[in-house]
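For reference, the structure discussed in these notes is given below.
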Amino acid sequence: MPYKEREISKMYYTMGEVSAMFGVNQSLIRFYEKEFDVLQPKKNKKGNRYFTPEDLENFKIIFHLINHKGYTLQGAKDHLKHNMGDTRDHQRVIDSLEEMKKFLLEVRDQL
């Protein structure tokens, strides 16, 4: 059985790391934080925001709804309010499919 590397995850991600992950400006992240109640990053005394993995998952869902599915801000808020559990399940399935696709592409490239 081949060695499987563990995925390294952090407890907190800075604003710069989150903006680099999603390829967006930091101002967009701050705007979504104001608009959506599910985004609650921790702030230190200096005011720097630190995002937990749960915040990242919520931001990924919001980002997907607005940028990929074409929801308006109000539409995304309503969707999250009424379908948060289903939306999280759908996002987990999408994430696992993307990981599988990445793995299969790596296998194809090695052949």
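Residue numbers start at 1 in each chain; chains themselves are named A, B, ... in the order of the structure tokens; ligands are numbered from 1 in the order shown.
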Determine which residues of chain A receive a DSSP assignment of alpha helix (DSSP H), computed from the backbone, and state them as a ChimeraX atom specification.
/A:15-22,26-35,53-63,73-110
Quick one: everything within 12 Å of Asn44 in chain A, counting only C-alpha atoms, minus sequence neighbours fewer than 6 positions away in the same chain. Send it as a PyMOL selection string.
chain A and resi 12+14+50-51
If you count only C-alpha atoms, which residues fall within 12 Å of range 66-71 of chain A, apart from same-chain ones fewer than 4 positions away, as a ChimeraX atom specification?
/A:22,24,28,32,59-62,75-80
Could you turn the residues from that selection into a file that holds all heavy atoms, as a compact mmCIF listing (two decimals), in the first residue's frame?
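Writing the result to selection-v5.txt gives the following:
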# COMPACT_ATOMS: atom_id res chain seq x y z
N PHE A 22 -8.53 31.90 -2.57
CA PHE A 22 -9.68 32.08 -3.45
C PHE A 22 -9.39 33.03 -4.62
O PHE A 22 -10.23 33.18 -5.50
CB PHE A 22 -10.88 32.62 -2.65
CG PHE A 22 -11.44 31.60 -1.71
CD1 PHE A 22 -11.06 31.57 -0.38
CD2 PHE A 22 -12.33 30.65 -2.14
CE1 PHE A 22 -11.56 30.64 0.50
CE2 PHE A 22 -12.85 29.70 -1.28
CZ PHE A 22 -12.46 29.70 0.03
N VAL A 24 -9.11 36.34 -4.58
CA VAL A 24 -9.95 37.54 -4.51
C VAL A 24 -9.24 38.60 -3.67
O VAL A 24 -8.29 38.32 -2.96
CB VAL A 24 -11.34 37.23 -3.89
CG1 VAL A 24 -12.11 36.27 -4.77
CG2 VAL A 24 -11.22 36.70 -2.49
N LEU A 28 -13.14 42.15 -0.69
CA LEU A 28 -14.31 41.31 -0.95
C LEU A 28 -14.60 40.42 0.26
O LEU A 28 -15.76 40.24 0.64
CB LEU A 28 -14.09 40.45 -2.19
CG LEU A 28 -15.26 39.54 -2.55
CD1 LEU A 28 -16.44 40.38 -3.05
CD2 LEU A 28 -14.85 38.54 -3.59
N TYR A 32 -18.05 40.45 2.39
CA TYR A 32 -18.86 39.26 2.65
C TYR A 32 -19.01 39.03 4.15
O TYR A 32 -20.04 38.55 4.61
CB TYR A 32 -18.25 38.02 2.00
CG TYR A 32 -18.45 37.94 0.50
CD1 TYR A 32 -17.84 36.93 -0.23
CD2 TYR A 32 -19.23 38.84 -0.19
CE1 TYR A 32 -18.01 36.83 -1.59
CE2 TYR A 32 -19.40 38.75 -1.55
CZ TYR A 32 -18.79 37.73 -2.26
OH TYR A 32 -18.96 37.64 -3.61
N PHE A 59 -17.17 30.45 3.71
CA PHE A 59 -16.80 31.39 2.65
C PHE A 59 -16.80 30.69 1.30
O PHE A 59 -17.23 31.27 0.30
CB PHE A 59 -15.42 32.00 2.92
CG PHE A 59 -15.03 33.03 1.91
CD1 PHE A 59 -15.58 34.30 1.97
CD2 PHE A 59 -14.15 32.74 0.89
CE1 PHE A 59 -15.25 35.27 1.03
CE2 PHE A 59 -13.82 33.69 -0.06
CZ PHE A 59 -14.37 34.96 0.02
N LYS A 60 -16.36 29.44 1.27
CA LYS A 60 -16.35 28.68 0.02
C LYS A 60 -17.76 28.49 -0.51
O LYS A 60 -18.02 28.62 -1.71
CB LYS A 60 -15.69 27.33 0.25
CG LYS A 60 -15.45 26.54 -1.01
CD LYS A 60 -14.86 25.17 -0.73
CE LYS A 60 -13.46 25.29 -0.22
NZ LYS A 60 -12.79 23.99 -0.06
N ILE A 61 -18.71 28.23 0.40
CA ILE A 61 -20.11 28.07 0.00
C ILE A 61 -20.66 29.39 -0.55
O ILE A 61 -21.29 29.41 -1.61
CB ILE A 61 -20.96 27.58 1.20
CG1 ILE A 61 -20.57 26.15 1.56
CG2 ILE A 61 -22.44 27.69 0.91
CD1 ILE A 61 -21.14 25.67 2.88
N ILE A 62 -20.41 30.48 0.16
CA ILE A 62 -20.88 31.79 -0.30
C ILE A 62 -20.27 32.14 -1.65
O ILE A 62 -20.95 32.59 -2.57
CB ILE A 62 -20.55 32.88 0.75
CG1 ILE A 62 -21.36 32.64 2.02
CG2 ILE A 62 -20.80 34.27 0.21
CD1 ILE A 62 -20.90 33.43 3.22
N GLY A 75 -30.24 36.69 -2.54
CA GLY A 75 -30.59 35.31 -2.87
C GLY A 75 -29.70 34.31 -2.14
O GLY A 75 -30.16 33.27 -1.67
N ALA A 76 -28.40 34.61 -2.05
CA ALA A 76 -27.47 33.74 -1.34
C ALA A 76 -27.80 33.72 0.16
O ALA A 76 -27.74 32.66 0.79
CB ALA A 76 -26.04 34.19 -1.58
N LYS A 77 -28.14 34.88 0.71
CA LYS A 77 -28.52 34.93 2.14
C LYS A 77 -29.74 34.06 2.40
O LYS A 77 -29.77 33.30 3.37
CB LYS A 77 -28.82 36.36 2.56
CG LYS A 77 -27.62 37.25 2.70
CD LYS A 77 -28.07 38.65 3.09
CE LYS A 77 -26.96 39.65 2.95
NZ LYS A 77 -27.40 41.02 3.26
N ASP A 78 -30.76 34.21 1.55
CA ASP A 78 -31.98 33.42 1.72
C ASP A 78 -31.70 31.93 1.57
O ASP A 78 -32.22 31.11 2.32
CB ASP A 78 -33.04 33.86 0.71
CG ASP A 78 -33.54 35.27 0.97
OD1 ASP A 78 -33.35 35.77 2.10
OD2 ASP A 78 -34.10 35.88 0.04
N HIS A 79 -30.89 31.58 0.58
CA HIS A 79 -30.57 30.18 0.35
C HIS A 79 -29.85 29.58 1.56
O HIS A 79 -30.15 28.46 1.98
CB HIS A 79 -29.71 30.04 -0.91
CG HIS A 79 -29.41 28.63 -1.29
ND1 HIS A 79 -30.34 27.83 -1.90
CD2 HIS A 79 -28.30 27.89 -1.12
CE1 HIS A 79 -29.80 26.64 -2.10
NE2 HIS A 79 -28.56 26.65 -1.63
N LEU A 80 -28.89 30.33 2.11
CA LEU A 80 -28.16 29.84 3.28
C LEU A 80 -29.06 29.74 4.50
O LEU A 80 -28.92 28.82 5.31
CB LEU A 80 -26.97 30.75 3.58
CG LEU A 80 -25.81 30.68 2.60
CD1 LEU A 80 -24.76 31.72 2.95
CD2 LEU A 80 -25.20 29.31 2.58
If you run DSSP on the backbone here, which positions in range 3-111 of chain A get strand (DSSP E)? Please write them as a ChimeraX atom specification.
/A:13-14,42-43,49-51
With N, CA, C and O atoms retained, could you export that selection as an mmCIF file, in the first residue's frame?
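Saved to part07.cif:
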data_model
loop_
_atom_site.group_PDB
_atom_site.id
_atom_site.type_symbol
_atom_site.label_atom_id
_atom_site.label_comp_id
_atom_site.auth_asym_id
_atom_site.auth_seq_id
_atom_site.Cartn_x
_atom_site.Cartn_y
_atom_site.Cartn_z
ATOM 1 N N TYR A 13 -6.346 30.832 9.713
ATOM 2 C CA TYR A 13 -5.765 31.355 8.483
ATOM 3 C C TYR A 13 -5.893 32.869 8.491
ATOM 4 O O TYR A 13 -6.938 33.396 8.882
ATOM 5 N N THR A 14 -4.870 33.553 8.039
ATOM 6 C CA THR A 14 -4.914 35.010 8.000
ATOM 7 C C THR A 14 -5.735 35.471 6.801
ATOM 8 O O THR A 14 -6.038 34.695 5.895
ATOM 9 N N LYS A 42 -12.233 35.334 13.870
ATOM 10 C CA LYS A 42 -11.737 35.853 15.148
ATOM 11 C C LYS A 42 -10.869 37.069 14.869
ATOM 12 O O LYS A 42 -10.198 37.136 13.850
ATOM 13 N N LYS A 43 -10.892 38.029 15.777
ATOM 14 C CA LYS A 43 -10.050 39.216 15.639
ATOM 15 C C LYS A 43 -9.173 39.338 16.874
ATOM 16 O O LYS A 43 -9.628 39.132 17.994
ATOM 17 N N ARG A 49 -7.891 39.705 11.251
ATOM 18 C CA ARG A 49 -8.883 38.641 11.204
ATOM 19 C C ARG A 49 -8.181 37.294 11.045
ATOM 20 O O ARG A 49 -7.282 37.145 10.230
ATOM 21 N N TYR A 50 -8.663 36.306 11.795
ATOM 22 C CA TYR A 50 -8.163 34.946 11.698
ATOM 23 C C TYR A 50 -9.341 34.020 11.440
ATOM 24 O O TYR A 50 -10.266 33.940 12.236
ATOM 25 N N PHE A 51 -9.295 33.334 10.306
ATOM 26 C CA PHE A 51 -10.392 32.481 9.870
ATOM 27 C C PHE A 51 -10.146 31.041 10.289
ATOM 28 O O PHE A 51 -9.056 30.503 10.095
#
